[in-house]
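Note: the block below is upload_10.txt and it holds compact mmCIF, C-alpha atoms and all ligand atoms.
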# COMPACT_ATOMS: atom_id res chain seq x y z
CA MET A 1 -44.63 25.04 -0.52
CA ARG A 2 -41.47 25.31 1.61
CA THR A 3 -37.94 24.02 1.45
CA LEU A 4 -36.85 21.32 3.90
CA PRO A 5 -35.05 22.72 6.97
CA PRO A 6 -31.43 23.46 5.93
CA PRO A 7 -28.81 20.83 6.77
CA ASP A 8 -26.18 21.63 9.46
CA GLN A 9 -23.43 21.25 6.92
CA ALA A 10 -24.41 20.58 3.31
CA GLN A 11 -22.47 17.62 1.87
CA TRP A 12 -24.22 17.03 -1.43
CA LEU A 13 -25.82 19.07 -4.14
CA LEU A 14 -28.35 17.27 -6.35
CA SER A 15 -29.25 18.84 -9.69
CA PHE A 16 -32.20 17.58 -11.75
CA ASP A 17 -33.41 18.66 -15.14
CA PHE A 18 -37.19 19.20 -15.08
CA ASP A 19 -38.94 18.19 -18.34
CA GLY A 20 -38.37 14.56 -19.27
CA THR A 21 -36.21 13.95 -16.21
CA LEU A 22 -38.36 14.69 -13.16
CA HIS A 23 -41.52 15.64 -14.96
CA ASP A 24 -43.45 13.31 -17.25
CA PRO A 25 -46.57 15.11 -18.54
CA ALA A 26 -48.12 11.80 -19.62
CA ALA A 27 -47.85 10.25 -16.14
CA GLN A 28 -50.26 10.70 -13.27
CA PRO A 29 -48.87 12.09 -11.04
CA PRO A 30 -46.13 13.60 -13.27
CA VAL A 31 -43.48 12.97 -10.56
CA ILE A 32 -43.60 9.75 -8.50
CA PRO A 33 -44.19 10.34 -4.74
CA GLU A 34 -41.16 8.16 -3.94
CA PHE A 35 -38.93 10.89 -5.37
CA PHE A 36 -39.95 13.33 -2.62
CA GLU A 37 -39.48 10.63 0.02
CA ALA A 38 -35.97 10.01 -1.32
CA ILE A 39 -35.19 13.75 -1.18
CA GLN A 40 -36.31 13.90 2.47
CA TRP A 41 -34.22 10.85 3.31
CA LEU A 42 -31.18 12.30 1.52
CA ARG A 43 -31.56 15.57 3.44
CA ALA A 44 -31.74 13.77 6.78
CA GLU A 45 -29.10 11.09 6.14
CA LYS A 46 -26.71 12.65 3.62
CA GLN A 47 -27.10 16.39 4.28
CA ALA A 48 -28.13 16.85 0.66
CA LEU A 49 -29.42 20.02 -0.97
CA TRP A 50 -31.37 19.67 -4.20
CA GLY A 51 -32.56 21.81 -7.06
CA ILE A 52 -33.94 22.03 -10.57
CA ASN A 53 -31.70 22.89 -13.53
CA THR A 54 -33.95 23.65 -16.49
CA GLY A 55 -34.34 25.44 -19.80
CA ARG A 56 -37.71 26.78 -18.59
CA SER A 57 -38.08 30.39 -17.46
CA MET A 58 -38.65 30.98 -13.72
CA GLU A 59 -42.34 31.71 -14.29
CA HIS A 60 -42.80 28.56 -16.38
CA LEU A 61 -40.92 26.46 -13.82
CA VAL A 62 -43.10 27.67 -10.92
CA GLN A 63 -46.12 26.73 -13.02
CA GLY A 64 -44.61 23.26 -13.53
CA LEU A 65 -43.92 22.78 -9.82
CA ILE A 66 -47.54 23.58 -9.01
CA GLU A 67 -48.94 21.37 -11.80
CA SER A 68 -46.74 18.47 -10.72
CA ARG A 69 -47.87 18.95 -7.13
CA PHE A 70 -44.37 19.34 -5.71
CA THR A 71 -44.59 18.93 -1.95
CA ILE A 72 -41.15 20.40 -1.22
CA LEU A 73 -39.64 23.55 -2.67
CA PRO A 74 -36.20 23.05 -4.27
CA ASP A 75 -33.19 24.62 -2.52
CA PHE A 76 -32.15 26.27 -5.77
CA ALA A 77 -33.37 26.74 -9.33
CA ILE A 78 -31.32 27.31 -12.46
CA VAL A 79 -33.62 28.54 -15.24
CA ARG A 80 -33.11 29.19 -18.96
CA GLU A 81 -30.01 27.01 -18.42
CA ARG A 82 -28.17 29.92 -16.80
CA GLU A 83 -30.01 32.13 -14.31
CA ILE A 84 -29.71 31.21 -10.63
CA PHE A 85 -32.55 31.67 -8.12
CA LEU A 86 -32.70 30.79 -4.42
CA PRO A 87 -35.89 30.63 -2.34
CA ASN A 88 -36.22 33.23 0.44
CA ALA A 89 -37.72 32.68 3.90
CA VAL A 90 -41.30 32.80 2.59
CA GLY A 91 -40.61 30.45 -0.32
CA ARG A 92 -40.31 33.04 -3.07
CA PHE A 93 -37.48 32.59 -5.59
CA VAL A 94 -35.04 35.49 -5.67
CA GLY A 95 -32.39 35.90 -8.37
CA VAL A 96 -28.69 35.75 -7.45
CA LYS A 97 -27.95 39.27 -8.59
CA THR A 98 -24.20 39.17 -9.24
CA TRP A 99 -24.36 36.01 -11.37
CA ASN A 100 -27.59 36.83 -13.23
CA GLU A 101 -26.53 40.38 -14.05
CA ALA A 102 -23.10 39.28 -15.31
CA CYS A 103 -24.84 36.61 -17.37
CA ASP A 104 -27.31 39.08 -18.94
CA ARG A 105 -24.57 41.61 -19.63
CA ASP A 106 -22.13 39.11 -21.18
CA ILE A 107 -24.79 37.52 -23.36
CA ALA A 108 -26.16 40.85 -24.61
CA LYS A 109 -22.62 41.97 -25.44
CA LEU A 110 -21.78 38.73 -27.21
CA LEU A 111 -25.00 38.57 -29.24
CA LYS A 112 -24.37 42.13 -30.39
CA LYS A 113 -20.84 41.18 -31.39
CA SER A 114 -22.12 38.03 -33.13
CA LYS A 115 -24.80 39.79 -35.17
CA ARG A 116 -23.21 38.84 -38.48
CA LEU A 117 -22.91 35.16 -37.52
CA LEU A 118 -26.49 35.04 -36.25
CA LYS A 119 -27.74 36.70 -39.44
CA LYS A 120 -25.92 34.08 -41.48
CA ILE A 121 -27.50 31.27 -39.43
CA ARG A 122 -30.92 32.86 -39.68
CA ASP A 123 -30.63 33.17 -43.47
CA VAL A 124 -29.69 29.48 -43.83
CA VAL A 125 -32.50 28.39 -41.50
CA GLU A 126 -35.11 30.51 -43.24
CA GLU A 127 -33.96 29.57 -46.72
CA HIS A 128 -33.65 25.80 -46.21
CA THR A 129 -36.02 24.82 -43.40
CA GLY A 130 -39.49 25.50 -42.07
CA ALA A 131 -38.07 26.36 -38.65
CA GLN A 132 -39.03 29.55 -36.91
CA TRP A 133 -36.49 32.17 -35.81
CA ILE A 134 -37.25 33.59 -32.35
CA GLU A 135 -36.29 37.11 -31.37
CA GLN A 136 -38.18 38.59 -28.42
CA PRO A 137 -37.60 40.23 -25.04
CA GLY A 138 -35.83 37.73 -22.75
CA GLU A 139 -35.17 35.44 -25.71
CA PRO A 140 -32.93 37.44 -28.05
CA ALA A 141 -31.99 34.60 -30.42
CA GLY A 142 -33.51 31.16 -30.75
CA ILE A 143 -34.96 28.63 -33.17
CA ILE A 144 -37.96 26.31 -33.06
CA SER A 145 -37.80 23.58 -35.69
CA ARG A 146 -40.63 21.39 -36.96
CA THR A 147 -38.91 18.09 -36.23
CA GLU A 148 -35.94 16.65 -34.34
CA ASP A 149 -34.27 15.78 -37.67
CA GLU A 150 -34.65 19.33 -38.88
CA MET A 151 -33.01 20.59 -35.68
CA ALA A 152 -30.16 18.08 -36.10
CA TRP A 153 -29.57 19.50 -39.61
CA ILE A 154 -29.68 23.06 -38.29
CA ILE A 155 -27.10 22.22 -35.60
CA GLU A 156 -24.78 20.85 -38.31
CA GLN A 157 -25.04 24.17 -40.18
CA VAL A 158 -24.47 26.14 -36.97
CA HIS A 159 -21.27 24.16 -36.42
CA LEU A 160 -20.11 25.06 -39.93
CA ILE A 161 -20.91 28.76 -39.54
CA VAL A 162 -19.68 29.49 -36.00
CA PRO A 163 -15.86 29.39 -35.66
CA PRO A 164 -14.71 27.08 -32.85
CA ASP A 165 -13.00 29.95 -31.01
CA SER A 166 -16.20 32.01 -30.87
CA ALA A 167 -17.78 32.40 -27.43
CA LEU A 168 -21.19 32.02 -29.07
CA GLY A 169 -22.83 28.93 -27.62
CA TRP A 170 -26.21 27.27 -28.00
CA GLN A 171 -28.43 25.02 -25.97
CA ARG A 172 -30.63 22.46 -27.68
CA ASN A 173 -33.64 20.79 -26.13
CA SER A 174 -35.47 18.65 -28.69
CA ILE A 175 -36.85 21.07 -31.34
CA TYR A 176 -35.82 24.18 -29.38
CA LEU A 177 -32.51 25.98 -29.62
CA ARG A 178 -31.36 29.01 -27.67
CA PHE A 179 -28.22 30.98 -28.48
CA GLY A 180 -26.12 32.31 -25.64
CA HIS A 181 -22.61 32.45 -24.23
CA LYS A 182 -20.48 29.31 -23.92
CA ASP A 183 -19.62 30.34 -20.35
CA TYR A 184 -23.25 30.25 -19.20
CA GLN A 185 -24.95 26.87 -19.41
CA LYS A 186 -26.30 24.24 -17.03
CA GLY A 187 -22.79 23.09 -16.11
CA SER A 188 -21.18 26.44 -15.27
CA SER A 189 -24.36 27.57 -13.50
CA LEU A 190 -24.38 24.42 -11.37
CA THR A 191 -20.72 24.95 -10.48
CA ALA A 192 -21.66 28.51 -9.43
CA VAL A 193 -24.46 27.16 -7.20
CA GLY A 194 -21.93 24.73 -5.72
CA MET A 195 -19.66 27.66 -4.86
CA ILE A 196 -22.54 29.43 -3.08
CA PHE A 197 -23.05 26.35 -0.87
CA GLY A 198 -19.35 25.41 -0.61
CA ILE A 199 -19.70 22.15 -2.55
CA GLY A 200 -17.34 21.16 -5.38
CA ALA A 201 -17.75 18.62 -8.20
CA GLU A 202 -16.96 15.74 -5.82
CA GLY A 203 -20.18 16.52 -3.92
CA ILE A 204 -22.41 17.19 -6.92
CA CYS A 205 -24.84 14.75 -8.54
CA ALA A 206 -26.60 15.68 -11.81
CA MET A 207 -29.29 13.97 -13.90
CA GLY A 208 -30.77 14.98 -17.24
CA ASP A 209 -32.22 13.63 -20.48
CA SER A 210 -31.51 16.07 -23.31
CA HIS A 211 -28.77 17.94 -25.18
CA ASN A 212 -28.98 21.01 -22.97
CA ASP A 213 -28.06 18.74 -20.02
CA LEU A 214 -24.71 17.67 -21.51
CA ALA A 215 -22.84 20.58 -19.90
CA MET A 216 -23.85 19.49 -16.38
CA LEU A 217 -23.47 15.77 -17.09
CA ASP A 218 -19.73 16.17 -17.01
CA ASP A 219 -17.17 14.93 -14.50
CA THR A 220 -15.64 18.41 -14.16
CA VAL A 221 -19.04 19.59 -12.88
CA ALA A 222 -20.49 16.55 -11.11
CA SER A 223 -18.85 13.38 -9.83
CA ARG A 224 -22.12 11.44 -9.99
CA ILE A 225 -24.09 11.65 -13.22
CA ALA A 226 -27.05 9.71 -14.56
CA CYS A 227 -29.78 9.86 -17.20
CA PRO A 228 -33.27 8.33 -17.25
CA SER A 229 -34.01 5.59 -19.83
CA ASN A 230 -35.93 8.08 -22.00
CA ALA A 231 -32.80 10.26 -22.47
CA VAL A 232 -31.77 11.00 -26.07
CA ASP A 233 -29.05 8.71 -27.48
CA ASP A 234 -26.37 11.45 -27.47
CA VAL A 235 -26.91 11.92 -23.73
CA LYS A 236 -26.83 8.18 -23.02
CA GLN A 237 -23.56 7.83 -24.94
CA HIS A 238 -22.08 10.83 -23.15
CA VAL A 239 -23.10 9.57 -19.70
CA ALA A 240 -21.74 6.10 -20.47
CA ALA A 241 -18.44 7.55 -21.75
CA GLN A 242 -18.08 9.51 -18.50
CA GLY A 243 -18.63 6.39 -16.41
CA GLY A 244 -22.06 7.60 -15.30
CA PHE A 245 -25.18 5.57 -14.54
CA LEU A 246 -27.79 4.74 -17.21
CA CYS A 247 -31.11 4.25 -15.45
CA THR A 248 -33.38 1.49 -16.70
CA LYS A 249 -36.55 3.44 -15.89
CA PRO A 250 -37.91 6.67 -17.41
CA CYS A 251 -38.29 10.14 -15.89
CA SER A 252 -38.72 10.39 -12.10
CA ALA A 253 -38.74 6.59 -11.65
CA GLY A 254 -35.31 6.66 -13.31
CA VAL A 255 -34.18 9.52 -11.06
CA PHE A 256 -35.29 7.50 -8.03
CA GLU A 257 -33.35 4.52 -9.35
CA GLY A 258 -30.27 6.73 -9.91
CA LEU A 259 -30.44 8.13 -6.37
CA ALA A 260 -30.73 4.60 -4.94
CA HIS A 261 -27.72 3.56 -7.06
CA PHE A 262 -25.54 6.42 -5.80
CA PHE A 263 -26.76 6.89 -2.24
CA GLY A 264 -28.81 3.82 -1.26
MG MG B 1 -35.27 17.54 -20.27

Is it possible to express this structure as structure tokens?
Ligand SMILES: [Mg+2]
Amino acid sequence: MRTLPPPDQAQWLLSFDFDGTLHDPAAQPPVIPEFFEAIQWLRAEKQALWGINTGRSMEHLVQGLIESRFTILPDFAIVREREIFLPNAVGRFVGVKTWNEACDRDIAKLLKKSKRLLKKIRDVVEEHTGAQWIEQPGEPAGIISRTEDEMAWIIEQVHLIVPPDSALGWQRNSIYLRFGHKDYQKGSSLTAVGMIFGIGAEGICAMGDSHNDLAMLDDTVASRIACPSNAVDDVKQHVAAQGGFLCTKPCSAGVFEGLAHFFG
């Protein structure tokens, strides 16, 4: 798998969430072939770069690209909502050292500083819910709930416990929650990718379906935003409020529809 030949002068940066936006595990194939045709057309006609912006780890994303039979390698990948990777000449993803190291360092420092807050949250979660607290290498603080409703309740408690001026942030994707730093999420990471390629918000298009996409579905990050029809209600409301495009089709068919709306 290779990237498309680079454009002479990149004009657009397209950022897609993976699960539930491009990838539909219930569909065969999981990503419609028309999506890849659209990406090739956008490269040739609009000088567009494209990438995946996901909560998955790099390893898990590569697995997903292979399973979904991606025919073109993305020009960038943002994983765990915050780490930036670019493919090298032989198609291997290499981390952007300065950004990823600053991100690791700032998050480790903040989580250490927020120990008391996290303990408080953990106690509430373990006392009142059946959710599981996650603490492991590479995933220092996270929660997996049993249901979406349970996670919604947990988020309410997190809001009550964490003072608004704290830098402690969290990313929710369905029943999964990951604690981190407010400065490192899909939006700030996408802006950082834009800076690497010399493209600002006016040249960025972002599409996503879940809560962890909200940060990139924002007009300060991307001038063109959309969500597939299967997006959660909070995302649909947010996209509508920002003057974005609500696709009528789910997953990659919706993405294709969104690209045609913006660039067709
Ligand atoms: Mg998603």

Checklist outcome for this item: Counting all atoms listed in the file, the residue among A:Gly64, A:Gly55, A:Pro250, A:Pro74 that lies closest to Met1 of chain A is A:Pro74

Next on the checklist: Residues near His238 of chain A, anyone? I mean within 12 Å using all atoms listed in the file, not counting same-chain ones fewer than 6 positions away, as a list in words.
Outcome noted: Gly208, Asp209, Ser210, His211, Asp213, Leu214, Ala215, Met216, Leu217, Asp218, Asp219, Ile225, Ala226, Cys227, Ala231, Val232, Gly244, Phe245 and Leu246 of chain A

Checklist entry - Of the candidates A:Gly130, A:Gly200, A:Gly20, A:Gly254, which shows the shortest atom-to-atom distance to ligand MG 1 (chain B), using only C-alpha atoms and all ligand atoms? => result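 For ligand MG 1 (chain B), the nearest of the given residues is A:Gly20.
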
Env. residues ligand MG 1 (chain B) / 12 Å / only C-alpha atoms and all ligand atoms / as a PDB file with C-alpha atoms, in the frame of the given file:
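As written to disk, pocket-v4.pdb reads:
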ATOM      1  CA  PHE A  16     -32.200  17.580 -11.750  1.00  0.00           C
ATOM      2  CA  ASP A  17     -33.410  18.660 -15.140  1.00  0.00           C
ATOM      3  CA  PHE A  18     -37.190  19.200 -15.080  1.00  0.00           C
ATOM      4  CA  ASP A  19     -38.940  18.190 -18.340  1.00  0.00           C
ATOM      5  CA  GLY A  20     -38.370  14.560 -19.270  1.00  0.00           C
ATOM      6  CA  THR A  21     -36.210  13.950 -16.210  1.00  0.00           C
ATOM      7  CA  LEU A  22     -38.360  14.690 -13.160  1.00  0.00           C
ATOM      8  CA  HIS A  23     -41.520  15.640 -14.960  1.00  0.00           C
ATOM      9  CA  ASP A  24     -43.450  13.310 -17.250  1.00  0.00           C
ATOM     10  CA  PRO A  25     -46.570  15.110 -18.540  1.00  0.00           C
ATOM     11  CA  ILE A  52     -33.940  22.030 -10.570  1.00  0.00           C
ATOM     12  CA  ASN A  53     -31.700  22.890 -13.530  1.00  0.00           C
ATOM     13  CA  THR A  54     -33.950  23.650 -16.490  1.00  0.00           C
ATOM     14  CA  GLY A  55     -34.340  25.440 -19.800  1.00  0.00           C
ATOM     15  CA  ARG A  56     -37.710  26.780 -18.590  1.00  0.00           C
ATOM     16  CA  ARG A  80     -33.110  29.190 -18.960  1.00  0.00           C
ATOM     17  CA  GLU A  81     -30.010  27.010 -18.420  1.00  0.00           C
ATOM     18  CA  GLN A 171     -28.430  25.020 -25.970  1.00  0.00           C
ATOM     19  CA  ARG A 172     -30.630  22.460 -27.680  1.00  0.00           C
ATOM     20  CA  ASN A 173     -33.640  20.790 -26.130  1.00  0.00           C
ATOM     21  CA  SER A 174     -35.470  18.650 -28.690  1.00  0.00           C
ATOM     22  CA  ILE A 175     -36.850  21.070 -31.340  1.00  0.00           C
ATOM     23  CA  TYR A 176     -35.820  24.180 -29.380  1.00  0.00           C
ATOM     24  CA  LYS A 186     -26.300  24.240 -17.030  1.00  0.00           C
ATOM     25  CA  MET A 207     -29.290  13.970 -13.900  1.00  0.00           C
ATOM     26  CA  GLY A 208     -30.770  14.980 -17.240  1.00  0.00           C
ATOM     27  CA  ASP A 209     -32.220  13.630 -20.480  1.00  0.00           C
ATOM     28  CA  SER A 210     -31.510  16.070 -23.310  1.00  0.00           C
ATOM     29  CA  HIS A 211     -28.770  17.940 -25.180  1.00  0.00           C
ATOM     30  CA  ASN A 212     -28.980  21.010 -22.970  1.00  0.00           C
ATOM     31  CA  ASP A 213     -28.060  18.740 -20.020  1.00  0.00           C
ATOM     32  CA  LEU A 214     -24.710  17.670 -21.510  1.00  0.00           C
ATOM     33  CA  CYS A 227     -29.780   9.860 -17.200  1.00  0.00           C
ATOM     34  CA  PRO A 228     -33.270   8.330 -17.250  1.00  0.00           C
ATOM     35  CA  ASN A 230     -35.930   8.080 -22.000  1.00  0.00           C
ATOM     36  CA  ALA A 231     -32.800  10.260 -22.470  1.00  0.00           C
ATOM     37  CA  VAL A 232     -31.770  11.000 -26.070  1.00  0.00           C
ATOM     38  CA  VAL A 235     -26.910  11.920 -23.730  1.00  0.00           C
ATOM     39  CA  PRO A 250     -37.910   6.670 -17.410  1.00  0.00           C
ATOM     40  CA  CYS A 251     -38.290  10.140 -15.890  1.00  0.00           C
ATOM     41  CA  SER A 252     -38.720  10.390 -12.100  1.00  0.00           C
TER      42      SER A 252
END

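Candidate residues A:Leu73, A:Glu101, A:Phe36, A:Gln11 were compared for distance to Ala89 of chain A, and the nearest is A:Leu73, using all atoms listed in the file.
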
Item to check | Residues within 10 Å of (-22.8, 27.1, -11.4), file coords, all atoms listed in the file, listed as JSON, numbers by chain | outcome: {"A": [78, 82, 83, 84, 99, 184, 185, 186, 187, 188, 189, 190, 191, 192, 193, 194, 195, 196, 216, 221]}

Checklist entry - Got a sec: who's within 10 Å of Trp133 of chain A, counting only C-alpha atoms, leaving out chain neighbours fewer than 4 positions off, as a PyMOL selection string? => result chain A and resi 121-123+125-126+141-145+177

Item to check | Residue with smallest distance to Val31 of chain A - pool A:Gly180, A:Ala253, A:Ala48, A:Val79, counting only C-alpha atoms | outcome: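 Closest to Val31 of chain A of all the choices is A:Ala253.
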
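The shortest atom-to-atom distance to Ala152 of chain A, with only C-alpha atoms taken into account, belongs to A:Asp234 out of A:Asp234, A:Glu37, A:Glu139, A:Glu202.
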
Next on the checklist: Report, in Å to a single decimal, how far apart atom CA of Ile134 of chain A and atom CA of Met58 of chain A are.
Outcome noted: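 Between atom CA of Met58 of chain A and atom CA of Ile134 of chain A the gap works out to 18.9 Å.
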
Checklist entry - What residues have an atom no more than 12 Å from (-19.7, 29.3, -36.3) in the file's own frame, counting only C-alpha atoms, and can you write them as a ChimeraX atom specification? => result /A:114-121,154-170,179

Item to check | A:His181, A:Arg92, A:His60, A:His128 ranked by distance to Leu110 of chain A, top pick (using all atoms listed in the file) | outcome: A:His181

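The two atoms in question, atom CA of Leu65 of chain A and atom CA of Arg224 of chain A, are spaced 24.6 Å apart.
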
Checklist entry - How many Å separate atom CA of Ile199 of chain A from atom CA of Ile66 of chain A? => result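 Answer for the atom CA of Ile199 of chain A to atom CA of Ile66 of chain A separation: 28.6 Å.
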
Take every atom of segment 36-39 of chain A listed in the file, fit an axis-aligned box around them, add 8 Å per side, and give the centre and edge lengths in Å to one decimal as JSON.
{"center_x": -37.6, "center_y": 11.9, "center_z": -1.3, "size_x": 20.8, "size_y": 19.7, "size_z": 18.6}
